[in-house]
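Peer 1: So that we are looking at the same thing, I have put the structure below in structure tokens.
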Amino acid sequence: MLTRIKSMQIHQMSVTYLPEQDRILMRVNTTEEEEMRMWLTRRLMVGLWPLLTKLLTEHLLKLEAGGATLSGANPELKKMLADFRKEEFLQHADFDTPYKEGQPNLPLGEEPLLVTDVDASPLTAGPLRLNFNERPPQGDAKPRTFQMEMQPKLMQGLMHLLDQALLQSQWREPFAQAAAPEPAAEDGAESPRPRYLN
């Protein structure tokens, strides 16, 4: 089942980290009172976050007036221009209006799509196309797919919401902290218990 929505039909987005699930719940509602729900796992975000950041940055640079001449520019200048455009988008974004709950139409069903992979590609007209795919391991279950096209301004809003959820989840903390050796116990002292982080 493939569900498509265009960026002009997107009304609101909500991205929330749910500790009891240890997942991020992403919800998108449309002007037609539809809601799409997706689970984003830590495993998915490890690869998706850098990809989306890179794609959005490259896309913003292409959209700049001098985009054609920026290909040879140094990385610091490219980053500065992209960061400026991202901040400009965020200043005009609406993060204060509460997300409208209880949309009557759920094209993907009541159970959120468990995203196993995401196909992301920039379109020549300006938007970025994202395909969220659920490929269940059971052969009899039907795969579900959700596709949306987002203008860079809306994409930056989504990145901001994802960034907030990643901060709450603490998924970005380096694994080295969990693997760091415990201090040696003094003679006669009891060894510290091993610690395991979820």
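The chains in the structure tokens are called A, B, ... from first to last as shown; in each chain the residues are counted from 1, and the ligands are counted from 1 in the order shown.
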Might you pull out every residue within 8 Å of region 43-46 of chain A, with only C-alpha atoms counted and same-chain residues fewer than 6 positions away left off, and present them as a short mmCIF file (atom, residue, chain, number, x, y, z; two decimals) with N, CA, C and O atoms, in the first residue's frame?
Peer 2:
data_model
loop_
_atom_site.label_atom_id
_atom_site.label_comp_id
_atom_site.auth_asym_id
_atom_site.auth_seq_id
_atom_site.Cartn_x
_atom_site.Cartn_y
_atom_site.Cartn_z
N VAL A 115 9.07 2.01 10.40
CA VAL A 115 9.93 2.34 9.26
C VAL A 115 11.21 1.51 9.30
O VAL A 115 11.96 1.56 10.27
N THR A 116 11.43 0.74 8.23
CA THR A 116 12.64 -0.06 8.13
C THR A 116 13.69 0.61 7.27
O THR A 116 14.88 0.39 7.45
N ASP A 117 13.27 1.44 6.32
CA ASP A 117 14.21 2.20 5.50
C ASP A 117 13.51 3.41 4.89
O ASP A 117 12.28 3.44 4.80
#
Peer 1: Using the chain letters and numbers from this document, which residues of region 40-166 of chain A does DSSP assign to strand (DSSP E), as a PyMOL selection string?
Peer 2: chain A and resi 40+113-114+117-122+128-134+144-150
Peer 1: Write out as a list in words the residues lying within 9 Å of Gln12 (chain A), counting only C-alpha atoms and excluding same-chain residues fewer than 3 positions away.
Peer 2: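 The residues satisfying every condition are Arg27, Val28, Asn29, Thr30, Thr31, Tyr99 and Lys100 of chain A.
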Peer 1: So that I can check the surroundings of Leu106 (chain A), please list as a list of chain:residue names every protein, DNA and RNA residue that reaches within 8 Å of it, counting only C-alpha atoms and ignoring chain neighbours fewer than 3 positions away.
Peer 2: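 The filter keeps A:Glu34, A:Glu35, A:Met36, A:Gln103, A:Gly109, A:Glu110.
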Peer 1: With only C-alpha atoms as the basis for distance, which of A:Asp22, A:Leu161, A:Gln9, A:Ala93 is at the shortest distance from Met148 (chain A)?
Peer 2: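 Closest residue, counting only C-alpha atoms: A:Gln9.
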Peer 1: With distances taken over only C-alpha atoms, which of A:Glu33, A:Glu76, A:Glu149, A:Asp83 is nearest to Ser121 (chain A)?
Peer 2: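 Among the listed residues, A:Glu149 lies closest to Ser121 (chain A).
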Peer 1: Figure out the distance between CA of Pro136 (chain A) and CA of Met150 (chain A), please, to one decimal in Å.
Peer 2: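 Computing the Euclidean distance for CA of Met150 (chain A) and CA of Pro136 (chain A) yields 26.2 Å.
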Peer 1: Among the residues of region 18-72 of chain A, find those DSSP assigns to alpha helix (DSSP H) from the backbone and print them as a PyMOL selection string.
Peer 2: chain A and resi 42-63
Peer 1: One decimal, in Å: what's the spacing between CA of Thr124 (chain A) and CA of His11 (chain A)?
Peer 2: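 Distance between the two atoms: 23.4 Å.
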Peer 1: I need the residue nearest Glu88 (chain A) from this list: A:Gln138, A:Leu52, A:Leu60, A:Gln21. Use only C-alpha atoms for the distance.
Peer 2: A:Leu60
Peer 1: Mind giving me the straight-line distance from CA of Pro98 (chain A) to CA of Ala120 (chain A) in Å, one decimal?
Peer 2: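 Calculated distance between CA of Pro98 (chain A) and CA of Ala120 (chain A) is 27.9 Å.
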Peer 1: Which residue out of A:Gln170, A:Leu114, A:Leu56, A:Glu87 has the minimum interatomic distance to Thr41 (chain A) when only C-alpha atoms are used?
Peer 2: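 Between A:Gln170, A:Leu114, A:Leu56, A:Glu87, the residue approaching Thr41 (chain A) most closely is A:Leu114.
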